Every structure is written in structure tokens, then in C-alpha cells.
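Participant: I am sharing model.tsv, which consists of TSV, C-alpha atoms:
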```tsv
chain	number	residue	atom	x	y	z
A	1	MET	CA	0.00	0.00	0.00
A	2	SER	CA	1.09	3.54	-0.71
A	3	THR	CA	1.50	6.19	2.01
A	4	GLU	CA	-1.74	7.72	0.77
A	5	GLN	CA	-3.64	4.45	1.21
A	6	ILE	CA	-2.14	3.65	4.62
A	7	LEU	CA	-2.95	7.14	5.90
A	8	GLY	CA	-6.52	6.84	4.63
A	9	LEU	CA	-6.93	3.43	6.25
A	10	ILE	CA	-5.64	4.53	9.67
A	11	THR	CA	-7.81	7.66	9.63
A	12	GLY	CA	-10.80	5.56	8.61
A	13	VAL	CA	-10.30	3.04	11.43
A	14	VAL	CA	-10.38	5.86	14.00
A	15	PHE	CA	-13.35	7.45	12.19
A	16	GLY	CA	-15.30	4.17	12.26
A	17	PHE	CA	-14.35	3.52	15.89
A	18	LEU	CA	-15.69	6.92	16.97
A	19	LEU	CA	-18.87	6.58	14.89
A	20	GLN	CA	-19.56	3.25	16.57
A	21	LYS	CA	-18.73	4.45	20.10
A	22	GLY	CA	-20.97	7.46	19.55
A	23	ARG	CA	-23.73	4.98	18.57
A	24	VAL	CA	-24.63	6.97	15.49
A	25	LEU	CA	-24.40	4.10	12.99
A	26	ARG	CA	-27.75	2.53	13.73
A	27	PHE	CA	-30.86	2.77	11.63
A	28	GLU	CA	-32.80	3.71	14.81
A	29	LYS	CA	-30.51	6.66	15.50
A	30	GLN	CA	-30.68	7.94	11.92
A	31	LEU	CA	-34.46	7.73	11.83
A	32	GLY	CA	-34.61	9.13	15.38
A	33	ALA	CA	-32.73	12.21	14.20
A	34	LEU	CA	-34.92	12.68	11.12
A	35	MET	CA	-38.07	12.31	13.22
A	36	LEU	CA	-36.61	14.64	15.87
A	37	LYS	CA	-37.05	12.02	18.59
A	38	ASP	CA	-33.44	11.13	19.32
A	39	MET	CA	-30.84	13.89	19.23
A	40	THR	CA	-27.75	11.63	19.40
A	41	ILE	CA	-26.72	12.36	15.81
A	42	PHE	CA	-27.21	16.11	16.23
A	43	LYS	CA	-25.11	16.08	19.41
A	44	PHE	CA	-22.40	14.02	17.72
A	45	MET	CA	-22.20	15.99	14.47
A	46	LEU	CA	-22.44	19.41	16.08
A	47	SER	CA	-19.76	18.56	18.68
A	48	SER	CA	-17.39	17.47	15.95
A	49	ILE	CA	-18.14	20.62	13.93
A	50	LEU	CA	-17.53	22.84	17.00
A	51	VAL	CA	-14.07	21.37	17.53
A	52	GLY	CA	-13.25	20.96	13.85
A	53	MET	CA	-14.15	24.51	12.78
A	54	VAL	CA	-11.78	26.03	15.33
A	55	GLY	CA	-8.87	23.76	14.38
A	56	ILE	CA	-9.38	24.03	10.66
A	57	ASN	CA	-9.69	27.80	10.69
A	58	LEU	CA	-6.60	28.10	12.92
A	59	LEU	CA	-4.54	25.94	10.56
A	60	SER	CA	-5.85	27.71	7.48
A	61	SER	CA	-5.22	31.21	8.83
A	62	ALA	CA	-1.69	30.10	9.75
A	63	GLY	CA	-1.25	29.05	6.12
A	64	ILE	CA	-0.61	25.40	7.05
A	65	ILE	CA	-3.59	23.94	5.20
A	66	THR	CA	-5.81	25.18	2.39
A	67	LEU	CA	-9.62	25.26	2.50
A	68	SER	CA	-11.49	23.37	-0.16
A	69	HIS	CA	-15.06	24.64	-0.44
A	70	LYS	CA	-17.60	22.77	-2.50
A	71	ALA	CA	-19.31	24.99	-5.05
A	72	MET	CA	-22.55	26.75	-4.12
A	73	ASN	CA	-24.34	25.48	-7.21
A	74	VAL	CA	-28.01	26.16	-6.47
A	75	GLY	CA	-29.59	23.42	-8.59
A	76	ALA	CA	-27.03	20.87	-7.45
A	77	VAL	CA	-27.35	21.58	-3.77
A	78	VAL	CA	-31.15	21.97	-3.69
A	79	ALA	CA	-32.15	19.19	-6.11
A	80	GLY	CA	-29.31	16.87	-5.11
A	81	GLY	CA	-29.79	17.62	-1.43
A	82	SER	CA	-33.51	16.81	-1.70
A	83	LEU	CA	-32.88	13.51	-3.45
A	84	PHE	CA	-30.28	12.66	-0.84
A	85	GLY	CA	-32.64	13.53	2.02
A	86	ALA	CA	-35.41	11.36	0.58
A	87	GLY	CA	-33.12	8.38	-0.03
A	88	TRP	CA	-31.51	8.77	3.38
A	89	ALA	CA	-34.89	8.56	5.14
A	90	ILE	CA	-35.84	5.36	3.33
A	91	MET	CA	-32.49	3.63	3.60
A	92	GLY	CA	-31.78	4.83	7.14
A	93	PHE	CA	-28.07	5.28	6.53
A	94	CYS	CA	-25.80	7.80	4.89
A	95	PRO	CA	-22.81	6.67	2.77
A	96	GLY	CA	-20.25	6.57	5.59
A	97	THR	CA	-22.57	5.11	8.22
A	98	SER	CA	-23.80	2.31	5.93
A	99	ILE	CA	-20.26	0.90	5.85
A	100	GLY	CA	-19.87	1.41	9.60
A	101	ALA	CA	-23.23	-0.27	10.29
A	102	LEU	CA	-22.05	-3.25	8.26
A	103	GLY	CA	-19.00	-3.38	10.53
A	104	GLU	CA	-21.15	-3.65	13.66
A	105	GLY	CA	-23.13	-6.54	12.18
A	106	ARG	CA	-26.17	-4.77	10.72
A	107	TRP	CA	-25.93	-6.69	7.47
A	108	HIS	CA	-29.01	-5.13	5.85
A	109	ALA	CA	-26.71	-2.11	5.38
A	110	LEU	CA	-25.06	-4.16	2.62
A	111	PHE	CA	-28.16	-3.62	0.45
A	112	ALA	CA	-27.95	0.11	1.14
A	113	ALA	CA	-24.26	0.12	0.13
A	114	LEU	CA	-24.99	-1.87	-3.04
A	115	GLY	CA	-27.82	0.51	-3.89
A	116	MET	CA	-25.43	3.41	-3.49
A	117	VAL	CA	-22.87	1.80	-5.81
A	118	ALA	CA	-25.67	1.36	-8.35
A	119	GLY	CA	-26.72	4.98	-7.78
A	120	ALA	CA	-23.16	6.16	-8.40
A	121	ALA	CA	-23.01	4.15	-11.64
A	122	LEU	CA	-26.34	5.66	-12.69
A	123	TYR	CA	-25.09	9.16	-11.88
A	124	ALA	CA	-21.99	8.59	-14.02
A	125	GLU	CA	-24.25	7.72	-16.98
A	126	LEU	CA	-26.57	10.69	-16.41
A	127	TYR	CA	-23.79	13.19	-15.71
A	128	PRO	CA	-23.78	14.79	-19.20
A	129	LEU	CA	-27.55	15.33	-18.92
A	130	PHE	CA	-27.30	16.84	-15.41
A	131	LYS	CA	-24.36	19.00	-16.46
A	132	SER	CA	-26.44	20.77	-19.08
A	133	THR	CA	-29.56	21.05	-16.88
A	134	VAL	CA	-29.61	20.94	-13.05
A	135	LEU	CA	-25.93	21.79	-12.67
A	136	ALA	CA	-26.18	24.69	-15.12
A	137	TRP	CA	-28.86	26.78	-13.38
A	138	LYS	CA	-26.89	29.08	-11.13
A	139	ASN	CA	-23.44	28.59	-9.67
A	140	PHE	CA	-22.09	31.02	-7.07
A	141	GLY	CA	-18.78	29.12	-7.01
A	142	LYS	CA	-16.66	27.98	-4.09
A	143	ILE	CA	-17.61	30.48	-1.44
A	144	GLY	CA	-17.30	30.62	2.34
A	145	LEU	CA	-19.51	32.42	4.85
A	146	PRO	CA	-16.78	34.98	5.76
A	147	GLU	CA	-16.58	36.28	2.16
A	148	VAL	CA	-20.36	36.39	1.78
A	149	THR	CA	-21.11	38.13	5.08
A	150	GLY	CA	-17.97	40.25	5.30
A	151	LEU	CA	-17.47	38.97	8.87
A	152	SER	CA	-14.30	37.51	10.29
A	153	PRO	CA	-14.45	33.69	10.46
A	154	TRP	CA	-13.93	34.01	14.22
A	155	VAL	CA	-17.09	36.07	14.64
A	156	ILE	CA	-19.04	33.40	12.74
A	157	ILE	CA	-17.43	30.64	14.79
A	158	ALA	CA	-18.25	32.43	18.05
A	159	LEU	CA	-21.89	32.83	16.99
A	160	PHE	CA	-22.06	29.18	15.91
A	161	TRP	CA	-20.61	28.08	19.27
A	162	ALA	CA	-23.08	30.23	21.22
A	163	ALA	CA	-26.07	28.91	19.26
A	164	THR	CA	-24.95	25.29	19.46
A	165	ILE	CA	-24.16	25.34	23.17
A	166	SER	CA	-27.61	26.85	23.84
A	167	LEU	CA	-29.14	24.07	21.75
A	168	PHE	CA	-27.21	21.44	23.74
A	169	ALA	CA	-28.38	23.00	27.01
A	170	TRP	CA	-31.95	22.81	25.74
A	171	PHE	CA	-31.53	19.13	24.70
A	172	GLU	CA	-30.27	18.26	28.18
A	173	LYS	CA	-33.01	20.25	29.91
A	174	LYS	CA	-35.68	18.47	27.85
A	175	GLY	CA	-33.94	15.11	28.24
A	176	LEU	CA	-33.77	14.64	24.46
B	177	MET	CA	-22.80	15.19	31.55
B	178	LYS	CA	-22.49	11.41	31.57
B	179	ARG	CA	-19.52	9.93	29.80
B	180	LYS	CA	-21.32	6.69	29.00
B	181	THR	CA	-24.76	6.16	27.55
B	182	LYS	CA	-27.29	3.57	28.70
B	183	ASP	CA	-26.39	1.26	25.81
B	184	GLY	CA	-22.71	1.22	26.81
B	185	GLY	CA	-21.58	3.75	24.19
B	186	TRP	CA	-19.65	6.95	24.74
B	187	SER	CA	-21.36	10.29	25.23
B	188	PRO	CA	-22.12	11.60	21.73
B	189	TYR	CA	-20.60	14.95	22.79
B	190	LEU	CA	-17.32	13.24	23.66
B	191	ALA	CA	-17.19	10.92	20.63
B	192	GLY	CA	-18.17	13.83	18.37
B	193	ALA	CA	-15.54	16.17	19.79
B	194	LEU	CA	-12.89	13.47	19.27
B	195	LEU	CA	-14.04	13.11	15.67
B	196	GLY	CA	-13.61	16.88	15.28
B	197	LEU	CA	-10.05	16.48	16.49
B	198	LEU	CA	-9.50	13.63	14.03
B	199	ALA	CA	-10.83	15.80	11.20
B	200	VAL	CA	-8.30	18.54	12.02
B	201	VAL	CA	-5.35	16.16	12.44
B	202	SER	CA	-6.32	14.39	9.24
B	203	VAL	CA	-6.34	17.57	7.13
B	204	TRP	CA	-2.98	18.52	8.60
B	205	ALA	CA	-1.55	15.01	8.00
B	206	THR	CA	-2.74	14.81	4.38
B	207	THR	CA	-1.36	18.29	3.70
B	208	SER	CA	2.08	17.53	5.10
B	209	LEU	CA	2.41	13.90	3.94
B	210	LEU	CA	0.51	13.93	0.64
B	211	GLY	CA	0.91	17.59	-0.28
B	212	LYS	CA	-2.82	18.25	-0.61
B	213	SER	CA	-5.33	19.24	2.09
B	214	THR	CA	-7.84	16.40	2.03
B	215	TYR	CA	-11.06	16.44	4.04
B	216	LEU	CA	-13.16	13.60	5.44
B	217	GLY	CA	-15.81	12.39	3.03
B	218	ALA	CA	-17.37	9.16	1.81
B	219	SER	CA	-19.63	9.44	-1.21
B	220	THR	CA	-17.00	9.79	-3.97
B	221	THR	CA	-15.75	6.35	-2.95
B	222	PHE	CA	-19.02	4.84	-4.19
B	223	VAL	CA	-18.31	6.34	-7.62
B	224	ARG	CA	-14.84	4.79	-7.63
B	225	ALA	CA	-16.24	1.45	-6.43
B	226	ALA	CA	-18.82	1.54	-9.25
B	227	GLY	CA	-16.06	2.36	-11.74
B	228	LEU	CA	-13.81	-0.44	-10.49
B	229	LEU	CA	-16.66	-2.97	-10.73
B	230	GLU	CA	-17.84	-1.80	-14.16
B	231	ARG	CA	-14.29	-1.82	-15.45
B	232	THR	CA	-14.11	-5.60	-15.02
B	233	VAL	CA	-16.84	-6.07	-17.63
B	234	ALA	CA	-16.73	-2.86	-19.69
B	235	GLY	CA	-13.27	-1.29	-19.48
B	236	GLU	CA	-13.61	0.97	-22.50
B	237	HIS	CA	-16.96	2.29	-21.38
B	238	VAL	CA	-15.53	3.36	-18.02
B	239	ALA	CA	-12.43	4.87	-19.64
B	240	ALA	CA	-14.63	6.96	-21.93
B	241	ASN	CA	-17.12	8.11	-19.27
B	242	GLU	CA	-16.79	11.80	-18.48
B	243	TYR	CA	-17.73	11.49	-14.80
B	244	PHE	CA	-15.39	8.58	-14.13
B	245	LYS	CA	-12.62	10.55	-15.83
B	246	LYS	CA	-13.39	13.53	-13.61
B	247	GLU	CA	-13.41	11.57	-10.34
B	248	LYS	CA	-10.60	9.16	-11.36
B	249	VAL	CA	-11.33	5.50	-10.74
B	250	ARG	CA	-8.66	4.33	-8.31
B	251	VAL	CA	-8.19	3.13	-4.74
B	252	ASP	CA	-7.27	6.48	-3.20
B	253	TRP	CA	-7.08	7.98	0.32
B	254	GLN	CA	-10.86	8.25	0.73
B	255	PHE	CA	-11.46	4.73	-0.59
B	256	MET	CA	-9.20	3.36	2.14
B	257	LEU	CA	-10.84	5.71	4.65
B	258	VAL	CA	-14.19	4.08	3.91
B	259	CYS	CA	-12.64	0.59	4.25
B	260	GLY	CA	-11.20	1.76	7.57
B	261	ILE	CA	-14.65	2.85	8.79
B	262	PHE	CA	-15.76	-0.78	8.43
B	263	LEU	CA	-12.77	-2.09	10.41
B	264	GLY	CA	-13.01	0.59	13.10
B	265	ALA	CA	-16.72	-0.02	13.66
B	266	LEU	CA	-16.12	-3.79	13.76
B	267	ALA	CA	-13.32	-3.42	16.34
B	268	SER	CA	-15.31	-1.00	18.48
B	269	SER	CA	-18.48	-3.13	18.46
B	270	LEU	CA	-16.56	-6.28	19.33
B	271	SER	CA	-14.70	-4.50	22.14
B	272	ASP	CA	-17.90	-3.53	23.96
B	273	ARG	CA	-20.05	-6.42	22.73
B	274	SER	CA	-22.47	-4.22	20.85
B	275	PHE	CA	-21.84	-6.17	17.63
B	276	LYS	CA	-25.15	-7.66	16.59
B	277	LEU	CA	-26.23	-9.44	13.43
B	278	GLU	CA	-29.36	-7.70	12.24
B	279	GLY	CA	-31.24	-8.25	9.01
B	280	VAL	CA	-34.25	-6.02	9.68
B	281	PRO	CA	-34.02	-3.06	12.09
B	282	PRO	CA	-36.79	-2.92	14.78
B	283	VAL	CA	-38.24	0.42	13.61
B	284	TRP	CA	-38.53	-0.92	10.06
B	285	LYS	CA	-40.08	-4.17	11.33
B	286	LYS	CA	-42.77	-2.25	13.19
B	287	ARG	CA	-43.74	-0.39	10.05
B	288	PHE	CA	-43.15	-2.91	7.24
B	289	GLY	CA	-43.00	-6.30	8.96
B	290	PRO	CA	-40.17	-8.82	9.35
B	291	SER	CA	-39.51	-9.48	5.64
B	292	VAL	CA	-35.79	-9.29	4.83
B	293	GLY	CA	-36.62	-8.95	1.14
B	294	LYS	CA	-38.70	-5.83	1.74
B	295	ARG	CA	-35.98	-4.27	3.86
B	296	ALA	CA	-33.35	-5.16	1.25
B	297	ALA	CA	-35.45	-3.58	-1.50
B	298	GLY	CA	-36.04	-0.43	0.58
B	299	ALA	CA	-32.38	-0.08	1.44
B	300	PHE	CA	-31.29	-0.69	-2.16
B	301	LEU	CA	-33.77	1.74	-3.75
B	302	GLY	CA	-33.18	4.35	-1.05
B	303	GLY	CA	-29.45	3.90	-1.69
B	304	ILE	CA	-29.82	4.60	-5.42
B	305	VAL	CA	-31.82	7.79	-4.85
B	306	ALA	CA	-29.54	9.00	-2.04
B	307	MET	CA	-26.34	8.46	-4.01
B	308	VAL	CA	-27.62	10.20	-7.16
B	309	GLY	CA	-28.50	13.10	-4.84
B	310	ALA	CA	-25.19	13.06	-2.97
B	311	ARG	CA	-23.17	13.12	-6.19
B	312	MET	CA	-25.33	15.89	-7.60
B	313	ALA	CA	-24.91	17.95	-4.41
B	314	ASP	CA	-21.20	17.00	-4.41
B	315	GLY	CA	-21.24	15.62	-0.88
B	316	CYS	CA	-22.94	13.67	1.88
B	317	PRO	CA	-23.27	14.25	5.65
B	318	SER	CA	-19.51	13.62	5.93
B	319	GLY	CA	-18.22	15.79	3.10
B	320	HIS	CA	-20.82	18.55	3.43
B	321	GLY	CA	-22.06	18.01	6.98
B	322	LEU	CA	-18.76	17.67	8.77
B	323	SER	CA	-15.96	18.88	6.49
B	324	GLY	CA	-17.88	21.65	4.75
B	325	MET	CA	-19.45	23.08	7.91
B	326	MET	CA	-16.02	23.09	9.60
B	327	GLN	CA	-14.69	25.18	6.71
B	328	LEU	CA	-17.72	27.50	6.85
B	329	SER	CA	-18.65	26.65	3.25
B	330	VAL	CA	-21.89	28.29	2.15
B	331	SER	CA	-22.90	25.26	0.07
B	332	SER	CA	-22.54	22.93	3.04
B	333	PHE	CA	-24.78	24.94	5.34
B	334	VAL	CA	-27.44	24.94	2.62
B	335	ALA	CA	-26.91	21.26	1.76
B	336	LEU	CA	-27.20	20.07	5.35
B	337	ALA	CA	-30.38	22.10	5.86
B	338	VAL	CA	-31.89	20.53	2.71
B	339	PHE	CA	-30.73	17.00	3.67
B	340	PHE	CA	-32.37	17.24	7.06
B	341	SER	CA	-35.57	19.03	6.10
B	342	VAL	CA	-36.40	16.77	3.14
B	343	GLY	CA	-35.26	13.73	5.15
B	344	ALA	CA	-37.55	14.74	8.02
B	345	ILE	CA	-40.55	15.17	5.71
B	346	VAL	CA	-39.99	11.83	3.97
B	347	ALA	CA	-39.34	10.04	7.28
B	348	ALA	CA	-42.58	11.46	8.70
B	349	ILE	CA	-44.52	10.25	5.64
B	350	VAL	CA	-42.89	6.82	5.48
B	351	TYR	CA	-42.54	5.92	9.17
B	352	GLY	CA	-44.86	8.42	10.83
B	353	ARG	CA	-48.06	6.39	10.60
B	354	ARG	CA	-48.61	4.17	13.60
B	355	ALA	CA	-48.24	0.50	12.87
B	356	SER	CA	-51.62	-1.13	13.37
```
Would you mind writing the structure in this file as C-alpha cells?

Facilitator:
Amino acid sequence: MSTEQILGLITGVVFGFLLQKGRVLRFEKQLGALMLKDMTIFKFMLSSILVGMVGINLLSSAGIITLSHKAMNVGAVVAGGSLFGAGWAIMGFCPGTSIGALGEGRWHALFAALGMVAGAALYAELYPLFKSTVLAWKNFGKIGLPEVTGLSPWVIIALFWAATISLFAWFEKKGL
Amino acid sequence: MKRKTKDGGWSPYLAGALLGLLAVVSVWATTSLLGKSTYLGASTTFVRAAGLLERTVAGEHVAANEYFKKEKVRVDWQFMLVCGIFLGALASSLSDRSFKLEGVPPVWKKRFGPSVGKRAAGAFLGGIVAMVGARMADGCPSGHGLSGMMQLSVSSFVALAVFFSVGAIVAAIVYGRRAS
């Protein structure tokens, strides 16, 4: 294996370990989040974003890493996001968690993973069609919130922290 | 705040914060070792897996496909990351005995009955729709939800809001009705 592959594998093992320990891989947890009955996934994702956004913005402002925004293509994000949301609710897994769920013995996730491979193959065939339609509506490019709002990333991060911590406090108060 | 949950897992706040740390270390490690800042993600791997499988029966077709050319069909960093997720989840579930063979999840069973075939069909069809959507949106809850939000990407804030709101509506329609 190349350095690239070994590094990916090690990172993935830790990723999968944390997903499983956080108990976010299960169908019940995914549906619980979508039906707003079980906040485990919100707590998990938001906690990782809180920590990650500080570290990533520190490293990027120090010039150590470069940011890599995904394009704000309106048709892509709205139409694609809607299709993803619908499929996610039915399958009960997202791409990463389907593989993790398989690892903890939930073998019905295999059908989800196979469906997603088929979906990827289908997308590759339809790509020229999408490129001239959905993907061509309006593209604002690779933009970040600081450029759009004119605020320092640290102001945005502070606001995000304040809002998220209040949300966590509310979850705990309500016993969610 | 409790460090352990009732089912023997870790507090989602703790596990999530550690994942945030992993995300930061990982971007730094890929930048310094591979020369390119690479962020956690999963859905592009399904494209590469599809390309690798198709290539065994239709090599020329894959080589000529514009999307496969764009995403490059090879076993890269993210492909191994996704393989690692399987191993990490396996190790973790064995270590605390939460590994469980399950063919039909309880919530599904309550709504659609115990048929494995029905669950398999639902998972497969849902998977097709979700992956077409994820590739169109250029990311999933890992790439957009975690990595994009951490970078304060506009597209990721919008994508995650759309994922959750449409997911919530569809979940309410599909699973909301009480099982009789």
C-alpha cells in the first residue's frame, strides 16, 4: 500500500471507531434524528463541527492547510440535497454510516451500500444530462460564509458556538 | 454530563468532539504527507467502487465516461478511509459487545414487517436515490455536513439544511403512521 492508502486506512479506522462508540451508525438513530425524537446524531455531528471549525480555521489562517469549499451550485445543492434527504430517510443510513453499520453486524446495510454503488453508476451515466440542466442553473462558485457576510471567520465561529451550546443546554433540559 | 450512555456507548458529545479532532489532524496530515489538504468524506468512494466494478466487464466504457474521468477510478485515500470505517466499527463493536447481526431493524419491522426482502429492496432503492443526490450535491453528511461546515462553506450549510428538512418530511410520511 502507498502512504496515501495507509494514511486513509488509519484515519478511517479511527473514524469508524468513533462513529460506533458514539452509537450513530444505527438505523434507529438515523431515523430518530430525522423524526426529531433522538438527538444523538445532532449532538455528535455538532460537537465534531464545533471542535473541527476552530482547528481548521486556525490551521488555514496560519497558512498550514488550504480550504477546499464545494461549489454553491443552487440546482445541485437543492435538487441533489432533496434527493439525498429522501433516499436517506428510506435507507436509514448515509454513505459513511452504511459501511460502519455493516462493521457492527447490521448486514441489511449491505443492500444500502450496493444501492449506493448502483446509484453512483447511474449518476456517471446521467452526468452529461445533469451538467447541461440541473448543474447549469446558477453557480455562485466555491464560497465561504466569511466572504459572503464580510465577517471575520472568528465572529461566525463564536456565533455558531453560542447557538450550538444553547441548543445542547436545551436538549439536556428536555432530556432529548 | 455522563460519559457513557445507557447502551454502553460513549457520550455523543465526547465521541463527536474526538471526531472533530481527528478531522483537524487528518487535514494537517494529508497536507504535510501527501501535499494536498484532504477532508473527510465518503460518497466519492461509491463512484470509484462503481467504476472499479464496471471496469471488469466494460473497461472501454468506463475509460470513456466523463464522470469517471473527472473523479478518477482508483483506490485512493478516501477509498481506504471508507474501508477503515468498516474495520473501526467492527473493532469498536466487538470491544464492547455491541456487535449484533441484524437483518431487519426494529423500527422498520414495526412499520413494514419482518420481511428481509422488503428491507433489502427499501435499502437498495433508497441507496440509489440517495447516491444520485449526494453526487449531484457534491457531498454527503460527511463531506458537506462535517468537512464543509467546519470550513464554513456556504454550500454545506445549505446542503445540510436541505438533507435534514427533506429527510424529516420523507421520514414522517414513510414511518410516521402508527403501525396497526

Participant: Atom CA of Ala101 of chain A to atom CA of Met1 of chain A: how many Å, to one decimal?

Facilitator: 25.4 Å

Participant: Of the residues A:Gly144, A:Gln30, A:Val134, A:Phe93, which is the one nearest to chain B, using all atoms listed in the file?

Facilitator: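 For chain B, the nearest of the candidates is A:Gly144.
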
Participant: Do you have, as a Markdown table, the list of residues of segment 94-171 of chain A lying at most 9 Å from segment 48-53 of chain A, each with its nearest atom pair and that distance in Å to one decimal, counting all atoms listed in the file and ordered by chain then number?

Facilitator:
```
| residue | atom | partner | partner_atom | distance |
| --- | --- | --- | --- | --- |
| A:Ile157 | CA | A:Met53 | CA | 7.2 |
| A:Phe160 | CA | A:Leu50 | CA | 7.9 |
| A:Trp161 | CA | A:Leu50 | CA | 6.5 |
| A:Thr164 | CA | A:Leu50 | CA | 8.2 |
```

Participant: Please write as JSON, numbers by chain the list of polymer residues whose atoms come within 10 Å of (-32.2, 6.4, 3.7), counting only C-alpha atoms and keeping to the coordinates of the file.

Facilitator: {"A": [27, 30, 31, 84, 85, 86, 87, 88, 89, 90, 91, 92, 93, 94, 95, 98, 112], "B": [298, 299, 300, 301, 302, 303, 304, 305, 306, 307, 343, 346, 347]}

Participant: At most 10 Å is the cut-off: for each residue in segment 203-319 of chain B with any atom that close to an atom of segment 327-339 of chain B, write down the nearest atom pair and the distance in Å rounded to one decimal, counting all atoms listed in the file, chain first then increasing number, as a tab-separated table.

Facilitator:
```
residue	atom	partner	partner_atom	distance
B:Tyr215	CA	B:Gln327	CA	9.8
B:Ala306	CA	B:Phe339	CA	9.9
B:Gly309	CA	B:Phe339	CA	9.6
B:Ala310	CA	B:Phe339	CA	9.5
B:Ala313	CA	B:Ala335	CA	7.3
B:Asp314	CA	B:Ala335	CA	9.4
B:Gly315	CA	B:Ser332	CA	8.4
B:Cys316	CA	B:Leu336	CA	8.4
B:Pro317	CA	B:Leu336	CA	7.0
B:Gly319	CA	B:Ser332	CA	8.3
```

Participant: Of the candidates B:Met256, B:Ile345, B:Ala239, B:Val201, which one gets nearest to chain A if we count all atoms listed in the file?

Facilitator: B:Met256

Participant: Between atom CA of Gly352 of chain B and atom CA of Met35 of chain A, what is the spacing in Å?

Facilitator: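 Atom CA of Met35 of chain A sits 8.2 Å away from atom CA of Gly352 of chain B.
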